[in-house]
>>> print(open('protein.cif').read())   # mmCIF, C-alpha atoms and all ligand atoms
data_entry
loop_
_atom_site.label_atom_id
_atom_site.label_comp_id
_atom_site.auth_asym_id
_atom_site.auth_seq_id
_atom_site.Cartn_x
_atom_site.Cartn_y
_atom_site.Cartn_z
CA MET F 1 -94.34 8.12 -5.30
CA CYS F 2 -91.39 9.66 -7.11
CA SER F 3 -91.26 11.62 -10.37
CA ILE F 4 -92.33 11.55 -14.00
CA ILE F 5 -91.50 13.93 -16.82
CA GLY F 6 -92.41 14.17 -20.49
CA TYR F 7 -91.19 16.23 -23.43
CA TYR F 8 -92.39 16.84 -26.96
CA GLY F 9 -90.98 19.63 -29.13
CA GLU F 10 -88.37 20.66 -31.64
CA ASN F 11 -85.39 19.61 -29.55
CA SER F 12 -83.99 16.21 -28.80
CA ALA F 13 -86.11 14.84 -25.95
CA ALA F 14 -83.61 12.67 -24.05
CA PRO F 15 -81.16 15.32 -22.73
CA ILE F 16 -84.08 17.49 -21.55
CA ILE F 17 -85.68 14.55 -19.78
CA VAL F 18 -82.42 13.54 -18.10
CA LYS F 19 -81.94 17.12 -16.82
CA GLY F 20 -85.51 17.14 -15.53
CA LEU F 21 -84.99 13.88 -13.68
CA GLN F 22 -81.80 15.29 -12.13
CA ARG F 23 -83.74 18.30 -10.86
CA MET F 24 -86.22 16.01 -9.14
CA GLU F 25 -83.58 13.80 -7.53
CA TYR F 26 -84.21 15.37 -4.10
CA ARG F 27 -87.41 13.31 -3.98
CA GLY F 28 -85.45 10.07 -3.49
CA TYR F 29 -85.73 7.01 -5.76
CA ASP F 30 -84.16 3.64 -6.53
CA SER F 31 -84.15 3.44 -10.35
CA VAL F 32 -84.37 5.49 -13.52
CA GLY F 33 -85.77 4.99 -17.00
CA VAL F 34 -86.48 6.89 -20.22
CA ALA F 35 -88.45 6.04 -23.39
CA VAL F 36 -88.01 7.97 -26.62
CA LYS F 37 -90.01 7.57 -29.79
CA GLY F 38 -87.62 7.05 -32.70
CA GLU F 39 -88.27 6.57 -36.44
CA SER F 40 -89.23 2.91 -36.33
CA ASP F 41 -90.02 2.12 -32.70
CA ILE F 42 -89.98 3.32 -29.11
CA SER F 43 -86.63 2.75 -27.37
CA VAL F 44 -86.40 2.21 -23.63
CA LYS F 45 -83.32 2.48 -21.42
CA LYS F 46 -83.62 1.86 -17.70
CA GLY F 47 -81.78 0.57 -14.66
CA VAL F 48 -81.23 0.68 -10.92
CA GLY F 49 -79.16 3.55 -9.52
CA LYS F 50 -78.73 7.28 -9.66
CA VAL F 51 -79.59 9.32 -12.76
CA ASN F 52 -75.94 10.21 -13.48
CA ALA F 53 -74.68 6.65 -13.08
CA VAL F 54 -77.44 5.02 -15.15
CA ASN F 55 -77.08 7.72 -17.81
CA GLN F 56 -73.34 7.12 -17.99
CA ASP F 57 -73.80 3.37 -18.29
CA LEU F 58 -76.55 3.46 -20.90
CA SER F 59 -76.01 6.84 -22.66
CA ILE F 60 -79.64 7.74 -22.10
CA ASP F 61 -79.10 11.36 -23.12
CA LYS F 62 -77.89 10.20 -26.57
CA MET F 63 -81.21 8.55 -27.44
CA SER F 64 -82.65 10.20 -30.52
CA GLY F 65 -86.22 11.44 -30.96
CA PHE F 66 -88.45 14.40 -30.17
CA THR F 67 -91.06 12.76 -27.94
CA GLY F 68 -90.16 11.03 -24.69
CA ILE F 69 -91.04 10.23 -21.11
CA GLY F 70 -88.82 9.72 -18.06
CA HIS F 71 -89.27 8.22 -14.62
CA THR F 72 -87.64 7.79 -11.28
CA ARG F 73 -89.07 4.90 -9.30
CA TRP F 74 -89.61 4.34 -5.62
CA ALA F 75 -90.55 0.68 -5.66
CA THR F 76 -93.85 -0.30 -4.06
CA HIS F 77 -94.65 -3.50 -6.04
CA GLY F 78 -91.63 -5.65 -6.89
CA VAL F 79 -88.01 -5.17 -5.83
CA PRO F 80 -85.84 -2.45 -7.37
CA ASN F 81 -84.28 -4.14 -10.41
CA ASP F 82 -83.86 -3.43 -14.11
CA VAL F 83 -86.96 -5.38 -15.18
CA ASN F 84 -89.25 -3.66 -12.67
CA SER F 85 -87.89 -0.21 -13.58
CA HIS F 86 -90.15 1.92 -15.76
CA PRO F 87 -91.07 2.56 -18.58
CA HIS F 88 -93.05 -0.60 -19.37
CA TYR F 89 -94.07 -1.75 -22.85
CA SER F 90 -97.45 -3.17 -23.82
CA ASN F 91 -97.16 -6.73 -25.18
CA SER F 92 -97.44 -5.39 -28.73
CA GLY F 93 -94.60 -2.93 -28.16
CA GLU F 94 -96.91 -0.24 -29.50
CA LEU F 95 -97.02 1.85 -26.36
CA VAL F 96 -94.95 2.60 -23.32
CA SER F 97 -96.02 3.96 -19.94
CA ILE F 98 -94.50 5.32 -16.77
CA HIS F 99 -96.34 5.46 -13.48
CA ASN F 100 -95.88 6.86 -10.01
CA GLY F 101 -98.13 5.75 -7.19
CA ILE F 102 -100.14 2.63 -6.52
CA ILE F 103 -102.91 0.85 -8.42
CA GLU F 104 -104.92 -0.64 -5.56
CA ASN F 105 -106.97 -3.01 -7.70
CA TYR F 106 -104.01 -4.28 -9.77
CA GLU F 107 -104.37 -7.89 -8.61
CA SER F 108 -107.88 -8.35 -9.96
CA LEU F 109 -106.99 -6.54 -13.21
CA ARG F 110 -103.88 -8.70 -13.58
CA GLU F 111 -105.80 -11.96 -13.11
CA LYS F 112 -108.39 -10.88 -15.68
CA GLN F 113 -105.66 -9.91 -18.16
CA LYS F 114 -103.76 -13.17 -17.65
CA THR F 115 -106.84 -15.14 -18.65
CA LYS F 116 -106.86 -13.10 -21.87
CA GLY F 117 -103.31 -14.19 -22.63
CA HIS F 118 -101.28 -11.16 -21.58
CA ARG F 119 -97.67 -11.82 -20.63
CA PHE F 120 -96.36 -10.01 -17.57
CA THR F 121 -92.63 -9.40 -17.43
CA SER F 122 -92.41 -7.44 -14.18
CA ASP F 123 -93.80 -7.64 -10.65
CA THR F 124 -95.14 -4.09 -10.77
CA ASP F 125 -98.71 -2.91 -10.50
CA THR F 126 -97.87 -0.64 -13.47
CA GLU F 127 -98.02 -3.33 -16.11
CA VAL F 128 -101.76 -3.73 -15.72
CA ILE F 129 -102.11 -0.19 -17.01
CA VAL F 130 -100.36 -0.85 -20.30
CA HIS F 131 -102.27 -4.08 -20.90
CA GLN F 132 -105.53 -2.44 -19.96
CA LEU F 133 -104.80 0.37 -22.41
CA TYR F 134 -103.74 -1.81 -25.27
CA ASP F 135 -105.96 -4.81 -24.88
CA TYR F 136 -109.26 -3.39 -23.86
CA HIS F 137 -109.27 -0.08 -25.61
CA LEU F 138 -106.69 0.44 -28.37
CA GLU F 139 -107.41 -2.95 -29.89
CA GLN F 140 -111.04 -1.95 -30.10
CA GLY F 141 -110.11 1.00 -32.28
CA GLU F 142 -109.89 3.83 -29.75
CA ASP F 143 -107.18 6.44 -30.22
CA LEU F 144 -104.62 6.90 -27.45
CA LEU F 145 -106.41 9.76 -25.67
CA SER F 146 -109.74 7.90 -25.53
CA ALA F 147 -107.94 4.71 -24.49
CA VAL F 148 -106.29 6.53 -21.57
CA LYS F 149 -109.61 8.10 -20.54
CA LEU F 150 -111.34 4.72 -20.62
CA THR F 151 -108.46 2.99 -18.81
CA ILE F 152 -108.40 5.34 -15.83
CA VAL F 153 -112.06 4.61 -15.16
CA ASP F 154 -110.90 1.08 -14.24
CA LEU F 155 -108.01 2.15 -11.98
CA ARG F 156 -108.28 2.62 -8.21
CA GLY F 157 -105.60 4.45 -6.22
CA ALA F 158 -103.44 7.58 -6.29
CA TYR F 159 -101.22 7.82 -9.34
CA ALA F 160 -99.59 9.88 -12.08
CA LEU F 161 -99.12 8.41 -15.57
CA GLY F 162 -97.25 9.31 -18.74
CA VAL F 163 -97.95 7.43 -22.00
CA ILE F 164 -96.61 7.54 -25.57
CA SER F 165 -97.57 5.38 -28.53
CA HIS F 166 -95.57 4.49 -31.60
CA ASN F 167 -98.67 4.87 -33.74
CA GLU F 168 -99.38 8.44 -32.64
CA PRO F 169 -96.19 10.46 -33.15
CA GLY F 170 -96.10 13.83 -31.44
CA ARG F 171 -98.66 12.86 -28.85
CA LEU F 172 -97.82 12.52 -25.18
CA ILE F 173 -100.50 12.00 -22.57
CA ALA F 174 -100.19 12.66 -18.84
CA THR F 175 -102.82 12.17 -16.19
CA ARG F 176 -103.07 11.91 -12.45
CA SER F 177 -105.43 11.06 -9.67
CA GLY F 178 -104.97 12.26 -6.11
N1 LIG C 1 -96.03 1.20 -7.97
C1 LIG C 1 -95.07 1.41 -9.01
C2 LIG C 1 -93.91 0.45 -8.88
O1 LIG C 1 -93.69 -0.14 -7.85
C3 LIG C 1 -94.58 2.85 -9.06
C4 LIG C 1 -93.77 3.27 -7.87
C5 LIG C 1 -93.40 4.77 -7.91
O2 LIG C 1 -94.22 5.59 -7.54
O3 LIG C 1 -92.27 5.09 -8.30
O4 LIG C 1 -93.19 0.28 -9.84
#
>>> encode(input="protein.cif", output="structure tokens", more="lines below")
Ligand code: GLU
Amino acid sequence: MCSIIGYYGENSAAPIIVKGLQRMEYRGYDSVGVAVKGESDISVKKGVGKVNAVNQDLSIDKMSGFTGIGHTRWATHGVPNDVNSHPHYSNSGELVSIHNGIIENYESLREKQKTKGHRFTSDTDTEVIVHQLYDYHLEQGEDLLSAVKLTIVDLRGAYALGVISHNEPGRLIATRSG
């Protein structure tokens, strides 16, 4: 388990998130990623390596927007690579989530979601969370907070989550178990 951070306020989110991730570097990690909600969509920048190096390569701190989430990953499911790095998008692109920890029942959730037509792009246990949120709950008309509350009922394990949605500007949800 490594670190997650979120920011919403009057300042640009990305530089604050990058600084926060730097402060938590002592925890050890293999990759870094940030999502920021812009005018028309949520942008994600992520990659393997140290915060400074990935930030220099991708100019993460120049991303523009006032709501964002950031993550350092210590891989448990899937090798450390750019695709497996967080944040992860839902298939619709509507929401983005970061996750530390382990979802113990991810295999059964993943099989169920595959039969419903969800595409998985990574090898992480994390992706089941975004599909669970979007498919089962948001699509049925729940708002983001209710969708998160309903989703965590289905998750087993110790985890911390951060979620933002393009359709709910100014809202950032964090939750944890264990
Ligand atoms: N289980 C997740 C993964 O492998 C999160 C790992 C972490 O805590 O950073 O991507």
>>> residues_around(input="protein.cif", residues="Val34 (chain F)", least_positions_apart="4", cutoff="9 Å", atoms="only C-alpha atoms", output="list of chain:residue names")
F:Ala14, F:Ile17, F:Val18, F:Ser43, F:Val44, F:Lys45, F:Lys46, F:Ile60, F:Gly68, F:Ile69, F:Gly70, F:His71, F:His86, F:Pro87, F:Ile98
>>> closest_residue(input="protein.cif", among="F:Tyr89, F:His137, F:Val128, F:Ile4", to="Gln22 (chain F)", atoms="all atoms listed in the file")
F:Ile4
>>> residues_near_ligand(input="protein.cif", ligand="ligand LIG 1 (chain C)", cutoff="9 Å", atoms="only C-alpha atoms and all ligand atoms", output="CSV table (one decimal) with C-alpha atoms, keeping the file's coordinate frame")
chain,number,residue,atom,x,y,z
F,1,MET,CA,-94.3,8.1,-5.3
F,2,CYS,CA,-91.4,9.7,-7.1
F,3,SER,CA,-91.3,11.6,-10.4
F,4,ILE,CA,-92.3,11.6,-14.0
F,29,TYR,CA,-85.7,7.0,-5.8
F,30,ASP,CA,-84.2,3.6,-6.5
F,31,SER,CA,-84.2,3.4,-10.4
F,71,HIS,CA,-89.3,8.2,-14.6
F,72,THR,CA,-87.6,7.8,-11.3
F,73,ARG,CA,-89.1,4.9,-9.3
F,74,TRP,CA,-89.6,4.3,-5.6
F,75,ALA,CA,-90.6,0.7,-5.7
F,76,THR,CA,-93.8,-0.3,-4.1
F,77,HIS,CA,-94.6,-3.5,-6.0
F,78,GLY,CA,-91.6,-5.6,-6.9
F,79,VAL,CA,-88.0,-5.2,-5.8
F,80,PRO,CA,-85.8,-2.4,-7.4
F,84,ASN,CA,-89.2,-3.7,-12.7
F,85,SER,CA,-87.9,-0.2,-13.6
F,86,HIS,CA,-90.2,1.9,-15.8
F,98,ILE,CA,-94.5,5.3,-16.8
F,99,HIS,CA,-96.3,5.5,-13.5
F,100,ASN,CA,-95.9,6.9,-10.0
F,101,GLY,CA,-98.1,5.8,-7.2
F,102,ILE,CA,-100.1,2.6,-6.5
F,103,ILE,CA,-102.9,0.8,-8.4
F,122,SER,CA,-92.4,-7.4,-14.2
F,123,ASP,CA,-93.8,-7.6,-10.6
F,124,THR,CA,-95.1,-4.1,-10.8
F,125,ASP,CA,-98.7,-2.9,-10.5
F,126,THR,CA,-97.9,-0.6,-13.5
F,127,GLU,CA,-98.0,-3.3,-16.1
F,159,TYR,CA,-101.2,7.8,-9.3
F,160,ALA,CA,-99.6,9.9,-12.1
>>> axis_aligned_box(input="protein.cif", around="region 78-96 of chain F", padding_each_side="8 Å", output="JSON")
{"center_x": -90.7, "center_y": -2.1, "center_z": -17.7, "size_x": 29.6, "size_y": 25.3, "size_z": 39.7}
>>> closest_residue(input="protein.cif", among="F:Gly20, F:Arg27, F:Leu95, F:Val36", to="Leu138 (chain F)", atoms="all atoms listed in the file")
F:Leu95
>>> atom_distance(input="protein.cif", atom1="CA of Leu150 (chain F)", atom2="CA of Gly33 (chain F)")
25.8 Å
>>> closest_residue(input="protein.cif", among="F:Gly170, F:Lys149, F:Val130, F:Gly178", to="Gly6 (chain F)", atoms="only C-alpha atoms")
F:Gly170
>>> closest_residue(input="protein.cif", among="F:Ser12, F:Leu161, F:Pro169, F:Gln132", to="Ser108 (chain F)", atoms="only C-alpha atoms")
F:Gln132
>>> residues_around(input="protein.cif", residues="Gln113 (chain F)", least_positions_apart="6", cutoff="10 Å", atoms="only C-alpha atoms", output="list in words")
Glu107, Arg119, Phe120, Val128, His131, Gln132, Asp135 and Tyr136 of chain F
>>> atom_distance(input="protein.cif", atom1="CA of Pro15 (chain F)", atom2="CA of Ile42 (chain F)")
16.2 Å
>>> atom_distance(input="protein.cif", atom1="CA of Glu104 (chain F)", atom2="CA of Ile152 (chain F)")
12.4 Å
>>> closest_residue(input="protein.cif", among="F:Lys62, F:Arg110, F:His166, F:Lys116", to="Ser92 (chain F)", atoms="all atoms listed in the file")
F:His166
>>> residues_around(input="protein.cif", residues="region 142-148 of chain F", least_positions_apart="3", cutoff="9 Å", atoms="all atoms listed in the file", output="NGL selection string")
:F and (132-134 or 136-139 or 151-153 or 163-165 or 167-168 or 171 or 173 or 175)
>>> closest_residue(input="protein.cif", among="F:Glu94, F:Glu111, F:Asp82, F:Asp154", to="Asp41 (chain F)", atoms="only C-alpha atoms")
F:Glu94
